[in-house]
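**Student:** File name final31.cif; file contents mmCIF, C-alpha atoms; full text below.
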data_my_file
loop_
_atom_site.label_atom_id
_atom_site.label_comp_id
_atom_site.auth_asym_id
_atom_site.auth_seq_id
_atom_site.Cartn_x
_atom_site.Cartn_y
_atom_site.Cartn_z
CA MET A 1 27.42 49.72 -23.95
CA SER A 2 27.85 46.09 -23.02
CA THR A 3 25.28 44.13 -21.18
CA ALA A 4 26.49 41.91 -18.33
CA THR A 5 25.71 38.30 -18.84
CA ARG A 6 23.83 36.80 -15.96
CA THR A 7 24.31 33.18 -15.11
CA GLN A 8 21.07 31.57 -14.02
CA VAL A 9 21.51 29.05 -11.26
CA PRO A 10 18.83 26.37 -11.22
CA VAL A 11 16.82 26.55 -8.06
CA SER A 12 15.64 23.26 -6.64
CA ALA A 13 12.00 23.03 -5.79
CA PRO A 14 11.29 23.45 -2.09
CA PRO A 15 10.26 20.30 -0.28
CA ASP A 16 6.57 19.73 -0.24
CA PRO A 17 5.44 20.07 3.39
CA GLY A 18 2.21 18.29 2.55
CA ALA A 19 4.06 15.21 1.26
CA ARG A 20 6.26 15.11 4.34
CA GLU A 21 3.23 15.41 6.59
CA ARG A 22 1.54 12.54 4.77
CA LEU A 23 4.63 10.38 5.21
CA VAL A 24 4.76 11.12 8.93
CA ARG A 25 1.06 10.41 9.31
CA SER A 26 1.36 7.12 7.40
CA ASP A 27 4.36 6.07 9.52
CA ARG A 28 2.45 6.79 12.71
CA GLN A 29 -0.53 4.80 11.50
CA LEU A 30 1.65 1.83 10.60
CA SER A 31 3.46 2.02 13.96
CA ALA A 32 0.15 2.06 15.83
CA ILE A 33 -1.14 -0.92 13.85
CA THR A 34 2.02 -2.95 14.46
CA LEU A 35 1.73 -2.20 18.17
CA LEU A 36 -1.84 -3.51 18.29
CA LEU A 37 -0.82 -6.56 16.24
CA ARG A 38 1.34 -7.79 19.11
CA LEU A 39 -1.29 -7.56 21.85
CA PRO A 40 -2.99 -10.96 21.18
CA GLN A 41 0.38 -12.72 21.56
CA VAL A 42 0.69 -11.30 25.08
CA MET A 43 -2.96 -11.55 26.10
CA ALA A 44 -3.61 -15.15 25.03
CA PRO A 45 -1.07 -16.95 27.32
CA LEU A 46 -1.95 -14.71 30.27
CA GLY A 47 -5.64 -15.16 29.61
CA VAL A 48 -5.36 -18.95 29.49
CA LEU A 49 -3.31 -18.99 32.69
CA THR A 50 -5.85 -16.87 34.58
CA TRP A 51 -8.88 -18.62 33.11
CA VAL A 52 -7.76 -22.18 33.88
CA ALA A 53 -6.47 -21.21 37.34
CA VAL A 54 -9.87 -19.74 38.26
CA SER A 55 -12.00 -22.45 36.63
CA ALA A 56 -10.01 -25.55 37.61
CA SER A 57 -8.53 -24.18 40.86
CA SER A 58 -5.23 -25.78 39.87
CA ALA A 59 -2.01 -23.87 39.29
CA TRP A 60 -0.45 -26.94 37.69
CA ALA A 61 -3.23 -27.33 35.11
CA ALA A 62 -3.14 -23.58 34.39
CA ALA A 63 0.63 -23.62 33.87
CA LEU A 64 0.51 -26.65 31.56
CA SER A 65 -2.30 -25.10 29.51
CA SER A 66 -0.50 -21.78 29.09
CA ALA A 67 2.82 -23.54 28.41
CA ALA A 68 1.19 -25.65 25.68
CA LEU A 69 -0.07 -22.42 24.09
CA CYS A 70 3.44 -20.91 24.25
CA LEU A 71 4.98 -24.01 22.66
CA GLY A 72 2.47 -23.76 19.83
CA MET A 73 3.49 -20.11 19.37
CA ALA A 74 7.14 -21.19 19.13
CA VAL A 75 6.32 -23.66 16.35
CA CYS A 76 4.26 -20.98 14.61
CA ALA A 77 7.26 -18.63 14.78
CA VAL A 78 9.38 -21.22 12.97
CA GLY A 79 6.76 -21.54 10.24
CA MET A 80 6.48 -17.77 9.94
CA ALA A 81 10.23 -17.49 9.37
CA LEU A 82 10.25 -20.28 6.78
CA PHE A 83 7.41 -18.77 4.72
CA SER A 84 8.13 -15.08 5.35
CA ASN A 85 9.33 -14.33 1.81
CA VAL A 86 6.61 -16.03 -0.22
CA ARG A 87 4.72 -13.80 -2.62
CA TRP A 88 1.33 -14.59 -1.12
CA ARG A 89 2.22 -13.81 2.49
CA GLN A 90 -0.37 -11.00 2.70
CA TRP A 91 -3.15 -13.43 1.84
CA ALA A 92 -1.63 -15.94 4.25
CA LEU A 93 -1.85 -13.38 7.07
CA ALA A 94 -5.51 -12.78 6.27
CA GLY A 95 -6.20 -16.51 6.35
CA ILE A 96 -4.28 -16.93 9.59
CA ALA A 97 -6.29 -14.10 11.13
CA LEU A 98 -9.54 -15.91 10.36
CA ILE A 99 -8.19 -19.19 11.72
CA GLN A 100 -6.79 -17.53 14.82
CA GLY A 101 -10.02 -15.70 15.57
CA GLY A 102 -12.10 -18.85 15.17
CA VAL A 103 -9.74 -21.06 17.19
CA MET A 104 -9.36 -18.63 20.09
CA TRP A 105 -13.11 -17.99 20.23
CA GLN A 106 -13.88 -21.71 20.30
CA LEU A 107 -11.20 -22.23 22.94
CA SER A 108 -12.92 -19.72 25.20
CA LEU A 109 -16.06 -21.90 25.12
CA VAL A 110 -14.29 -25.07 26.31
CA ASP A 111 -15.09 -26.34 29.80
CA VAL A 112 -11.70 -26.14 31.53
CA SER A 113 -12.99 -26.97 35.01
CA THR A 114 -12.25 -30.64 34.29
CA VAL A 115 -8.73 -30.21 32.89
CA PRO A 116 -6.65 -33.06 34.40
CA VAL A 117 -3.49 -32.37 36.35
CA ALA A 118 -1.56 -35.57 35.59
CA TRP A 119 1.37 -35.86 33.18
CA GLY A 120 -0.33 -38.78 31.46
CA ALA A 121 -3.28 -36.70 30.27
CA VAL A 122 -1.27 -34.90 27.58
CA SER A 123 -4.16 -35.05 25.13
CA ALA A 124 -6.13 -32.63 27.30
CA PHE A 125 -3.64 -29.87 26.47
CA VAL A 126 -3.59 -30.47 22.71
CA PRO A 127 -6.33 -27.83 22.07
CA PHE A 128 -4.15 -25.19 23.74
CA PHE A 129 -1.17 -26.22 21.62
CA ILE A 130 -3.28 -26.02 18.45
CA ALA A 131 -4.50 -22.58 19.50
CA GLY A 132 -0.88 -21.50 19.89
CA LEU A 133 -0.14 -22.66 16.34
CA SER A 134 -2.45 -19.92 15.08
CA LEU A 135 -0.78 -17.11 17.09
CA THR A 136 1.53 -15.64 14.49
CA PRO A 137 4.59 -13.69 15.77
CA MET A 138 3.63 -10.39 14.20
CA GLY A 139 6.87 -8.68 15.18
CA LEU A 140 8.62 -10.26 12.19
CA ALA A 141 5.75 -9.39 9.84
CA ALA A 142 5.81 -5.78 11.05
CA ARG A 143 9.54 -5.44 10.39
CA LEU A 144 9.19 -6.97 6.93
CA ARG A 145 6.46 -4.44 6.16
CA TRP A 146 8.70 -1.56 7.25
CA ALA A 147 11.48 -2.87 4.99
CA SER A 148 9.11 -2.94 2.01
CA VAL A 149 7.73 0.53 2.72
CA LEU A 150 11.11 2.21 3.18
CA GLN A 151 12.61 0.51 0.14
CA GLY A 152 9.62 1.46 -1.98
CA GLN A 153 9.82 5.08 -0.85
CA GLY A 154 13.60 5.27 -1.24
CA ARG A 155 14.13 5.88 2.47
CA LEU A 156 16.28 2.91 3.42
CA GLU A 157 18.43 5.21 5.58
CA ALA A 158 15.49 5.36 8.01
CA PHE A 159 15.41 1.57 8.47
CA SER A 160 17.41 1.59 11.73
CA SER A 161 15.12 4.28 13.15
CA ALA A 162 12.04 2.24 12.21
CA MET A 163 13.52 -0.84 13.85
CA ARG A 164 14.12 1.10 17.08
CA ARG A 165 10.50 2.18 16.95
CA GLU A 166 9.45 -1.45 16.61
CA SER A 167 11.64 -2.31 19.59
CA VAL A 168 9.68 0.20 21.65
CA ASN A 169 6.48 -1.41 20.36
CA GLU A 170 7.68 -4.82 21.60
CA ALA A 171 8.02 -3.43 25.12
CA LEU A 172 4.75 -1.47 24.94
CA ALA A 173 2.84 -4.55 23.77
CA THR A 174 4.02 -6.49 26.84
CA VAL A 175 2.91 -3.58 29.01
CA LEU A 176 -0.51 -3.04 27.43
CA GLY A 177 -1.21 -6.75 27.04
CA ALA A 178 -0.64 -7.44 30.73
CA ALA A 179 -2.69 -4.43 31.81
CA LEU A 180 -5.58 -5.22 29.46
CA THR A 181 -5.62 -8.88 30.48
CA GLY A 182 -5.83 -7.98 34.16
CA LEU A 183 -8.59 -5.44 33.58
CA LEU A 184 -10.72 -7.79 31.48
CA ALA A 185 -10.25 -10.74 33.85
CA VAL A 186 -11.53 -8.74 36.82
CA VAL A 187 -14.29 -6.69 35.18
CA ILE A 188 -15.78 -9.17 32.67
CA GLY A 189 -14.26 -12.55 33.47
CA PRO A 190 -11.14 -14.59 32.62
CA SER A 191 -12.63 -16.30 29.57
CA SER A 192 -13.40 -12.90 28.03
CA VAL A 193 -9.67 -12.31 27.51
CA LEU A 194 -9.55 -14.93 24.75
CA LYS A 195 -12.64 -13.52 23.05
CA VAL A 196 -11.24 -9.99 23.08
CA SER A 197 -7.90 -11.34 21.87
CA ALA A 198 -9.59 -13.12 18.95
CA THR A 199 -11.58 -10.01 18.00
CA LEU A 200 -8.58 -7.74 18.30
CA SER A 201 -6.51 -10.07 16.13
CA LEU A 202 -9.11 -10.09 13.36
CA VAL A 203 -9.48 -6.31 13.37
CA THR A 204 -5.81 -5.41 13.54
CA ILE A 205 -4.65 -7.90 10.92
CA ALA A 206 -7.43 -6.66 8.62
CA PHE A 207 -6.14 -3.10 9.06
CA PHE A 208 -2.57 -4.33 8.53
CA VAL A 209 -3.40 -6.13 5.29
CA ALA A 210 -5.60 -3.30 3.95
CA HIS A 211 -3.30 -0.44 4.96
CA ARG A 212 -1.82 1.65 2.15
CA SER A 213 1.66 0.42 3.07
CA SER A 214 0.79 -3.03 1.68
CA ARG A 215 0.91 -1.74 -1.90
CA TYR A 216 4.70 -1.59 -1.94
CA PRO A 217 6.52 -4.61 -3.41
CA GLN A 218 8.18 -6.94 -0.95
CA ALA A 219 11.70 -5.95 -0.02
CA ASN A 220 14.52 -8.36 -0.75
CA MET A 221 15.37 -9.14 2.88
CA PRO A 222 15.54 -12.91 3.39
CA VAL A 223 14.90 -14.45 6.79
CA HIS A 224 17.27 -17.25 7.79
CA LEU A 225 16.72 -19.17 11.01
CA LEU A 226 20.17 -20.70 10.64
CA TRP A 227 23.15 -18.41 11.12
CA ARG A 228 24.29 -17.22 7.68
CA ASP A 229 25.56 -13.80 8.67
CA ARG A 230 28.77 -12.40 7.24
CA SER A 231 30.66 -10.22 9.66
CA PRO A 232 31.24 -6.59 8.63
CA LEU A 233 34.66 -5.44 7.60
CA GLY A 234 37.04 -5.43 10.54
CA VAL A 235 34.78 -7.47 12.84
CA PRO A 236 35.87 -11.07 13.58
CA ARG A 237 33.30 -13.70 12.77
CA SER A 238 33.58 -15.15 16.28
CA THR A 239 32.72 -11.76 17.79
CA THR A 240 29.57 -11.45 15.69
CA PHE A 241 28.62 -15.00 16.67
CA ARG A 242 29.01 -14.25 20.40
CA LEU A 243 27.09 -10.98 20.20
CA ARG A 244 24.25 -12.62 18.31
CA HIS A 245 23.98 -15.49 20.76
CA GLY A 246 24.31 -13.13 23.70
CA LEU A 247 21.06 -11.51 22.58
CA LEU A 248 19.39 -14.90 22.13
CA TYR A 249 20.43 -16.02 25.61
CA GLY A 250 19.26 -12.70 26.99
CA ILE A 251 15.76 -12.88 25.48
CA GLY A 252 15.52 -16.49 26.62
CA ALA A 253 16.46 -15.60 30.20
CA LEU A 254 14.05 -12.64 30.27
CA SER A 255 11.16 -14.72 28.90
CA ALA A 256 11.94 -17.48 31.40
CA LEU A 257 11.83 -14.85 34.15
CA LEU A 258 8.42 -13.59 33.04
CA GLY A 259 7.13 -17.16 32.69
CA ALA A 260 8.49 -18.06 36.13
CA VAL A 261 6.78 -15.03 37.65
CA GLN A 262 3.50 -16.14 36.08
CA GLY A 263 3.97 -19.63 37.50
CA CYS A 264 4.68 -18.28 40.98
CA LEU A 265 1.69 -15.97 40.77
CA ALA A 266 -0.57 -18.87 39.78
CA VAL A 267 0.65 -20.96 42.73
CA TYR A 268 0.30 -18.03 45.12
CA SER A 269 -3.20 -17.05 43.95
CA VAL A 270 -4.63 -20.57 43.85
CA SER A 271 -3.27 -21.37 47.31
CA LEU A 272 -5.08 -18.31 48.71
CA ASP A 273 -8.20 -18.93 46.58
CA SER A 274 -7.85 -15.50 44.98
CA GLY A 275 -7.43 -16.49 41.35
CA GLU A 276 -9.90 -13.83 40.20
CA THR A 277 -7.45 -11.08 41.13
CA MET A 278 -4.45 -12.77 39.52
CA GLY A 279 -4.86 -10.84 36.29
CA ALA A 280 -5.12 -7.51 38.08
CA ILE A 281 -2.00 -8.24 40.15
CA TYR A 282 -0.04 -9.23 37.07
CA ALA A 283 -1.20 -6.05 35.36
CA LEU A 284 0.97 -4.16 37.83
CA LEU A 285 3.98 -5.85 36.27
CA GLY A 286 2.89 -4.31 32.99
CA PHE A 287 2.55 -0.91 34.62
CA GLY A 288 6.04 -1.21 36.10
CA ALA A 289 7.40 -2.20 32.70
CA ALA A 290 5.77 0.91 31.20
CA VAL A 291 7.46 3.17 33.74
CA GLY A 292 10.82 1.42 33.33
CA SER A 293 10.69 1.56 29.53
CA SER A 294 9.76 5.25 29.60
CA LEU A 295 12.72 6.02 31.86
CA ALA A 296 15.05 4.01 29.65
CA VAL A 297 13.95 5.92 26.55
CA ARG A 298 14.30 9.22 28.41
CA PHE A 299 17.96 8.53 29.21
CA ARG A 300 18.82 6.88 25.88
CA HIS A 301 21.33 9.62 25.00
CA ARG A 302 23.23 9.20 28.27
CA ILE A 303 23.29 5.45 28.83
CA THR A 304 24.07 2.89 26.14
CA ALA A 305 21.92 -0.17 25.64
CA SER A 306 24.57 -2.56 26.97
CA ASN A 307 24.97 -0.56 30.19
CA MET A 308 21.20 -0.36 30.57
CA MET A 309 21.01 -4.14 30.17
CA VAL A 310 23.44 -4.63 33.04
CA LEU A 311 21.61 -2.13 35.28
CA SER A 312 18.16 -3.57 34.56
CA GLY A 313 19.46 -7.14 34.95
CA THR A 314 20.84 -6.28 38.38
CA GLY A 315 17.56 -4.68 39.39
CA ALA A 316 15.56 -7.66 38.13
CA LEU A 317 17.72 -10.01 40.23
CA VAL A 318 17.19 -7.98 43.41
CA ALA A 319 13.45 -7.64 42.76
CA SER A 320 13.00 -11.35 42.02
CA MET A 321 14.56 -12.21 45.38
CA LEU A 322 11.66 -10.45 47.08
CA LEU A 323 9.23 -13.00 45.61
CA SER A 324 10.39 -15.53 48.20
CA ALA A 325 8.81 -13.57 51.04
CA PRO A 326 5.34 -12.37 50.01
CA SER A 327 3.40 -10.49 52.66
CA GLY A 328 -0.12 -10.46 51.32
CA SER A 329 -1.55 -9.25 48.04
CA LEU A 330 -0.30 -5.69 48.56
CA GLY A 331 3.28 -6.78 49.09
CA TYR A 332 3.11 -9.20 46.18
CA SER A 333 1.78 -6.44 43.95
CA VAL A 334 4.64 -4.13 44.90
CA VAL A 335 7.18 -6.86 44.14
CA LEU A 336 5.66 -7.49 40.70
CA LEU A 337 5.73 -3.75 40.09
CA LEU A 338 9.46 -3.76 40.79
CA VAL A 339 10.06 -6.79 38.58
CA GLY A 340 8.27 -5.04 35.73
CA LEU A 341 10.24 -1.84 36.37
CA PHE A 342 13.43 -3.66 35.36
CA SER A 343 11.99 -6.17 32.87
CA GLY A 344 10.67 -3.46 30.55
CA PRO A 345 14.07 -1.82 29.93
CA SER A 346 15.68 -5.25 29.48
CA LEU A 347 13.24 -6.18 26.72
CA LEU A 348 13.67 -2.78 25.09
CA CYS A 349 17.48 -2.98 25.12
CA LEU A 350 17.57 -6.55 23.77
CA HIS A 351 15.43 -5.73 20.75
CA SER A 352 17.13 -2.38 20.16
CA SER A 353 20.58 -3.99 20.16
CA ALA A 354 19.60 -6.71 17.69
CA GLY A 355 20.14 -4.58 14.58
CA GLN A 356 23.07 -2.52 15.85
CA VAL A 357 25.79 -4.98 16.75
CA GLY A 358 27.19 -5.74 13.32
CA VAL A 359 24.67 -8.41 12.31
CA THR A 360 22.50 -6.26 10.09
CA THR A 361 22.66 -8.67 7.16
CA GLY A 362 21.01 -11.32 9.32
CA PHE A 363 18.84 -9.00 11.37
CA LEU A 364 15.44 -10.42 10.44
CA GLY A 365 16.69 -13.95 10.98
CA LEU A 366 17.79 -12.90 14.46
CA VAL A 367 14.34 -11.43 15.13
CA ALA A 368 12.75 -14.73 14.10
CA GLN A 369 15.09 -16.68 16.36
CA MET A 370 14.31 -14.36 19.27
CA SER A 371 10.57 -14.99 18.76
CA VAL A 372 11.06 -18.75 18.89
CA VAL A 373 13.35 -18.63 21.94
CA SER A 374 11.03 -16.23 23.76
CA SER A 375 7.93 -18.43 23.47
CA ALA A 376 9.78 -21.64 24.34
CA SER A 377 11.52 -20.07 27.36
CA SER A 378 8.22 -18.73 28.72
CA ALA A 379 6.82 -22.26 28.62
CA VAL A 380 9.85 -23.64 30.47
CA GLY A 381 9.66 -20.99 33.19
CA LEU A 382 5.95 -21.63 33.67
CA ILE A 383 6.25 -25.40 33.93
CA VAL A 384 9.27 -25.44 36.26
CA CYS A 385 7.90 -22.94 38.77
CA ALA A 386 4.39 -24.37 38.80
CA TYR A 387 5.74 -27.88 39.30
CA LEU A 388 7.95 -26.80 42.20
CA GLY A 389 5.12 -24.82 43.78
CA VAL A 390 2.53 -27.59 43.53
CA HIS A 391 4.66 -30.66 44.25
CA ARG A 392 7.03 -29.05 46.78
CA ASP A 393 6.36 -25.63 48.25
CA TYR A 394 6.11 -21.99 47.25
CA MET A 395 9.63 -21.18 48.48
CA SER A 396 11.04 -23.68 45.97
CA ALA A 397 8.97 -22.13 43.19
CA ALA A 398 10.22 -18.64 44.09
CA MET A 399 13.77 -19.73 43.32
CA GLY A 400 12.79 -20.03 39.64
CA PRO A 401 12.57 -16.25 38.98
CA VAL A 402 15.81 -15.74 40.91
CA ALA A 403 17.62 -18.29 38.73
CA ALA A 404 16.21 -16.74 35.54
CA ALA A 405 17.22 -13.24 36.72
CA MET A 406 20.74 -14.50 37.42
CA LEU A 407 20.93 -15.82 33.86
CA LEU A 408 19.62 -12.48 32.58
CA LEU A 409 22.32 -10.56 34.44
CA GLY A 410 24.97 -13.05 33.32
CA THR A 411 24.02 -12.68 29.66
CA ALA A 412 24.00 -8.88 30.01
CA LEU A 413 27.54 -8.98 31.43
CA PHE A 414 28.64 -11.40 28.71
CA PHE A 415 27.18 -9.18 25.99
CA SER A 416 28.77 -6.05 27.46
CA TYR A 417 32.15 -7.77 27.89
CA THR A 418 32.18 -8.99 24.28
CA LEU A 419 31.06 -5.61 22.98
CA ARG A 420 33.79 -3.71 24.83
CA ARG A 421 36.48 -5.86 23.21
CA SER A 422 35.18 -5.60 19.66
CA PRO A 423 35.24 -2.82 17.05
CA VAL A 424 31.43 -2.83 16.99
CA ARG A 425 29.85 0.43 18.07
CA ASP A 426 28.07 0.33 21.41
CA PRO A 427 24.33 0.35 20.52
CA ARG A 428 21.79 2.77 21.92
CA ILE A 429 18.07 2.48 22.46
#
Here is the file; what I need is its structure written in the form of structure tokens.

**Tutor:**
Amino acid sequence: MSTATRTQVPVSAPPDPGARERLVRSDRQLSAITLLLRLPQVMAPLGVLTWVAVSASSAWAAALSSAALCLGMAVCAVGMALFSNVRWRQWALAGIALIQGGVMWQLSLVDVSTVPVAWGAVSAFVPFFIAGLSLTPMGLAARLRWASVLQGQGRLEAFSSAMRRESVNEALATVLGAALTGLLAVVIGPSSVLKVSATLSLVTIAFFVAHRSSRYPQANMPVHLLWRDRSPLGVPRSTTFRLRHGLLYGIGALSALLGAVQGCLAVYSVSLDSGETMGAIYALLGFGAAVGSSLAVRFRHRITASNMMVLSGTGALVASMLLSAPSGSLGYSVVLLLVGLFSGPSLLCLHSSAGQVGVTTGFLGLVAQMSVVSSASSAVGLIVCAYLGVHRDYMSAAMGPVAAAMLLLGTALFFSYTLRRSPVRDPRI
């Protein structure tokens, strides 16, 4: 009687649900920390604008002070990109956190009621520029951390998903930063925004440096400010160049729009002697951006990012036109709410498209360039609109947001046109 031979098939071990749960929990913690890391970059310029406008009763001095801070942030973004791959960058972040906290706290103690309003008194705005030099663009640091974590865990296929999550965090930080700035300025006082920003920066960077994700070795993902991208197979180099610069022009136009809105709001509030409520009114822009970003994410499977950019750019242009005819604080608040409703999706789509248009080999360099362009464009929008409002009239200043919104819509159309005629896949949020 023969015995049948049984072939034993090796059975793979079932996935450990506990390990998967720990990974998800760690990813959520890191995402929350990277969201909080961005808040000081939003709160500081808004806080300076509100604080100087209330203390000095001058929209021009407030705009120059905030613009100087933004220019310092742009220079800091360049330095962050140049030294992003050094071995000691974690210790550098800890040192920058201490410097930033000390500088911002000392800045909040300065007497800004005597800030001059003449072009010749440039030295008076040097402290704000120096404070901006300490405001590190943490968006790049957050993406570098995700690259190290996913490479160390062997999950590089999840990199695009993590970058989309960071794109959402960029939009949420703008929303929460504006809302928190307005709340603090009204409840505690404008100068308290800088103190809270300094404290928040120290705490969040400490969590970021001490988080368990920092134990992974640095990923080999260089950051190049200059364009060194090689186009993917089948994609012309000129197409990649146009798509990349379309995103840079788009983030520049959007930042100029937000800076121009801040300049118009400063002129409007100071002229009515209602600077104390400026932060609260601007917080409505953040609330509108939250609603708009939530709607954009909800319809991400139906509308592509390029189409959403065109729709939101059109809406931003129509909403910015309403700034030329304010009818009291209530009407102005509604207009800012509408501007935020379309600005949030625009910011979300720009950052989401950055890593999905065939420039993945130079993605982090593009992120660094977007940080530099964003800070510099905000400063330009602030200065131009405040100058027109103070030295001419408010109607002239209100044309600044309209011009920036027109550029935003134009860049969205240019990006969509180039994308339609290229083999690159249409990105989604």

**Student:** Could you tell me which residues the PyMOL selection byres ((chain A and resi 321) around 8) grabs in this file, written as a ChimeraX atom specification?

**Tutor:** /A:317-320,322-324,398-399,401-402

**Student:** What does the file look like for those residues with C-alpha atoms, as an mmCIF file, in the coordinates of the input?

**Tutor:**
data_model
loop_
_atom_site.group_PDB
_atom_site.id
_atom_site.type_symbol
_atom_site.label_atom_id
_atom_site.label_comp_id
_atom_site.auth_asym_id
_atom_site.auth_seq_id
_atom_site.Cartn_x
_atom_site.Cartn_y
_atom_site.Cartn_z
ATOM 1 C CA LEU A 317 17.720 -10.010 40.230
ATOM 2 C CA VAL A 318 17.190 -7.980 43.410
ATOM 3 C CA ALA A 319 13.450 -7.640 42.760
ATOM 4 C CA SER A 320 13.000 -11.350 42.020
ATOM 5 C CA LEU A 322 11.660 -10.450 47.080
ATOM 6 C CA LEU A 323 9.230 -13.000 45.610
ATOM 7 C CA SER A 324 10.390 -15.530 48.200
ATOM 8 C CA ALA A 398 10.220 -18.640 44.090
ATOM 9 C CA MET A 399 13.770 -19.730 43.320
ATOM 10 C CA PRO A 401 12.570 -16.250 38.980
ATOM 11 C CA VAL A 402 15.810 -15.740 40.910
#

**Student:** Calculate how many Å separate atom CA of Glu166 of chain A from atom CA of Pro40 of chain A, rounding to one decimal.

**Tutor:**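 Distance reported for this atom pair: 16.3 Å.
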
**Student:** When you draw a straight line from atom CA of Leu30 of chain A to atom CA of Val168 of chain A, how long is it in Å?

**Tutor:** 13.8 Å

**Student:** Compare A:Leu341, A:Phe299, A:His211, A:Leu37 by their minimum atom-to-atom distance to Met138 of chain A, counting only C-alpha atoms, and give me the closest one.

**Tutor:**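 Smallest distance to Met138 of chain A is found for A:Leu37.
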
**Student:** Here's the selection I'm unsure about, the PyMOL selection byres ((chain A and resi 39) around 9); applied to the file above, which residues does it give, as a VMD selection string?

**Tutor:** chain A and resid 35 to 38 40 to 44 173 to 174 176 to 178 197 200 to 201

**Student:** Which of these, A:Ala32, A:Leu272, A:Leu107, A:Val187, has the shortest distance to Ser329 of chain A once you count all atoms listed in the file?

**Tutor:**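 With all atoms listed in the file as the atom set, the closest residue is A:Leu272.
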
**Student:** Using all atoms listed in the file, which residue out of A:Val335, A:Val112, A:Val270, A:Val122 lies closest to Ser55 of chain A?

**Tutor:**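 Checking each candidate against Ser55 of chain A, we get A:Val112 as the closest.
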
**Student:** Considering all atoms listed in the file, can you say which of A:Tyr417, A:Phe208, A:Phe125, A:Phe287 comes closest to Leu69 of chain A?

**Tutor:**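 For Leu69 of chain A, the nearest of the given residues is A:Phe125.
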
**Student:** Give me the box for segment 369-375 of chain A as AutoDock Vina command-line options, namely the centre and edge lengths in Å to one decimal of a box along x, y and z that holds every listed atom plus 6 Å on each side.

**Tutor:**
--center_x 11.5 --center_y -16.6 --center_z 20.1 --size_x 19.2 --size_y 16.4 --size_z 19.4

**Student:** Could you spell out the hits of the PyMOL selection byres ((chain A and resi 297) around 12) on the shown file, as number ranges by chain?

**Tutor:** A: 164-165, 167-168, 171-172, 290-296, 298-305, 308, 344-346, 348-349, 352, 428-429

**Student:** Create the file for the chosen residues now, containing C-alpha atoms and written as a CSV table (one decimal), in the frame of the given file.

**Tutor:**
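Ended up saving to selection04.csv:
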chain,number,residue,atom,x,y,z
A,164,ARG,CA,14.1,1.1,17.1
A,165,ARG,CA,10.5,2.2,17.0
A,167,SER,CA,11.6,-2.3,19.6
A,168,VAL,CA,9.7,0.2,21.6
A,171,ALA,CA,8.0,-3.4,25.1
A,172,LEU,CA,4.8,-1.5,24.9
A,290,ALA,CA,5.8,0.9,31.2
A,291,VAL,CA,7.5,3.2,33.7
A,292,GLY,CA,10.8,1.4,33.3
A,293,SER,CA,10.7,1.6,29.5
A,294,SER,CA,9.8,5.2,29.6
A,295,LEU,CA,12.7,6.0,31.9
A,296,ALA,CA,15.0,4.0,29.6
A,298,ARG,CA,14.3,9.2,28.4
A,299,PHE,CA,18.0,8.5,29.2
A,300,ARG,CA,18.8,6.9,25.9
A,301,HIS,CA,21.3,9.6,25.0
A,302,ARG,CA,23.2,9.2,28.3
A,303,ILE,CA,23.3,5.4,28.8
A,304,THR,CA,24.1,2.9,26.1
A,305,ALA,CA,21.9,-0.2,25.6
A,308,MET,CA,21.2,-0.4,30.6
A,344,GLY,CA,10.7,-3.5,30.6
A,345,PRO,CA,14.1,-1.8,29.9
A,346,SER,CA,15.7,-5.2,29.5
A,348,LEU,CA,13.7,-2.8,25.1
A,349,CYS,CA,17.5,-3.0,25.1
A,352,SER,CA,17.1,-2.4,20.2
A,428,ARG,CA,21.8,2.8,21.9
A,429,ILE,CA,18.1,2.5,22.5

**Student:** How close does each residue of segment 180-283 of chain A get to segment 84-92 of chain A, giving the shortest atom pair and distance in Å to one decimal for every residue with an atom at most 7 Å away, counting all atoms listed in the file, sorted by chain and residue number, as JSON lines?

**Tutor:**
{"residue": "A:Val209", "atom": "CA", "partner": "A:Gln90", "partner_atom": "CA", "distance": 6.3}
{"residue": "A:Pro222", "atom": "CA", "partner": "A:Asn85", "partner_atom": "CA", "distance": 6.6}
{"residue": "A:Val223", "atom": "CA", "partner": "A:Ser84", "partner_atom": "CA", "distance": 7.0}

**Student:** Would you work out the distance separating atom CA of Ala53 of chain A from atom CA of Leu135 of chain A, expressed in Å to one decimal?

**Tutor:** 21.4 Å

**Student:** Determine, counting only C-alpha atoms, which protein, DNA and RNA residues have an atom within 8 Å of an atom of segment 390-395 of chain A; residues of the same chain fewer than 6 positions away are not included. Present the result as a PDB file with C-alpha atoms, in the coordinates of the input.

**Tutor:**
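Saved file part.pdb follows:
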ATOM      1  CA  ALA A  59      -2.010 -23.870  39.290  1.00  0.00           C
ATOM      2  CA  TRP A  60      -0.450 -26.940  37.690  1.00  0.00           C
ATOM      3  CA  CYS A 264       4.680 -18.280  40.980  1.00  0.00           C
ATOM      4  CA  VAL A 267       0.650 -20.960  42.730  1.00  0.00           C
ATOM      5  CA  TYR A 268       0.300 -18.030  45.120  1.00  0.00           C
ATOM      6  CA  SER A 324      10.390 -15.530  48.200  1.00  0.00           C
TER       7      SER A 324
END

**Student:** If you count all atoms listed in the file, which residues fall within 6 Å of Ala260 of chain A, apart from same-chain ones fewer than 6 positions away, as a ChimeraX atom specification?

**Tutor:** /A:381-382,385,400-401

**Student:** A:Thr50, A:Val103, A:Ala81, A:Gly315: which is nearest Leu183 of chain A, counting all atoms listed in the file?

**Tutor:** A:Thr50

**Student:** Using only C-alpha atoms, which protein or nucleic acid residues come within 9 Å of Pro217 of chain A? Drop anything in the same chain fewer than 4 positions from it, and give the result as a list of chain:residue names.

**Tutor:**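 So, after excluding close chain neighbours, the residues are A:Ser148, A:Val149, A:Gln151, A:Gly152.
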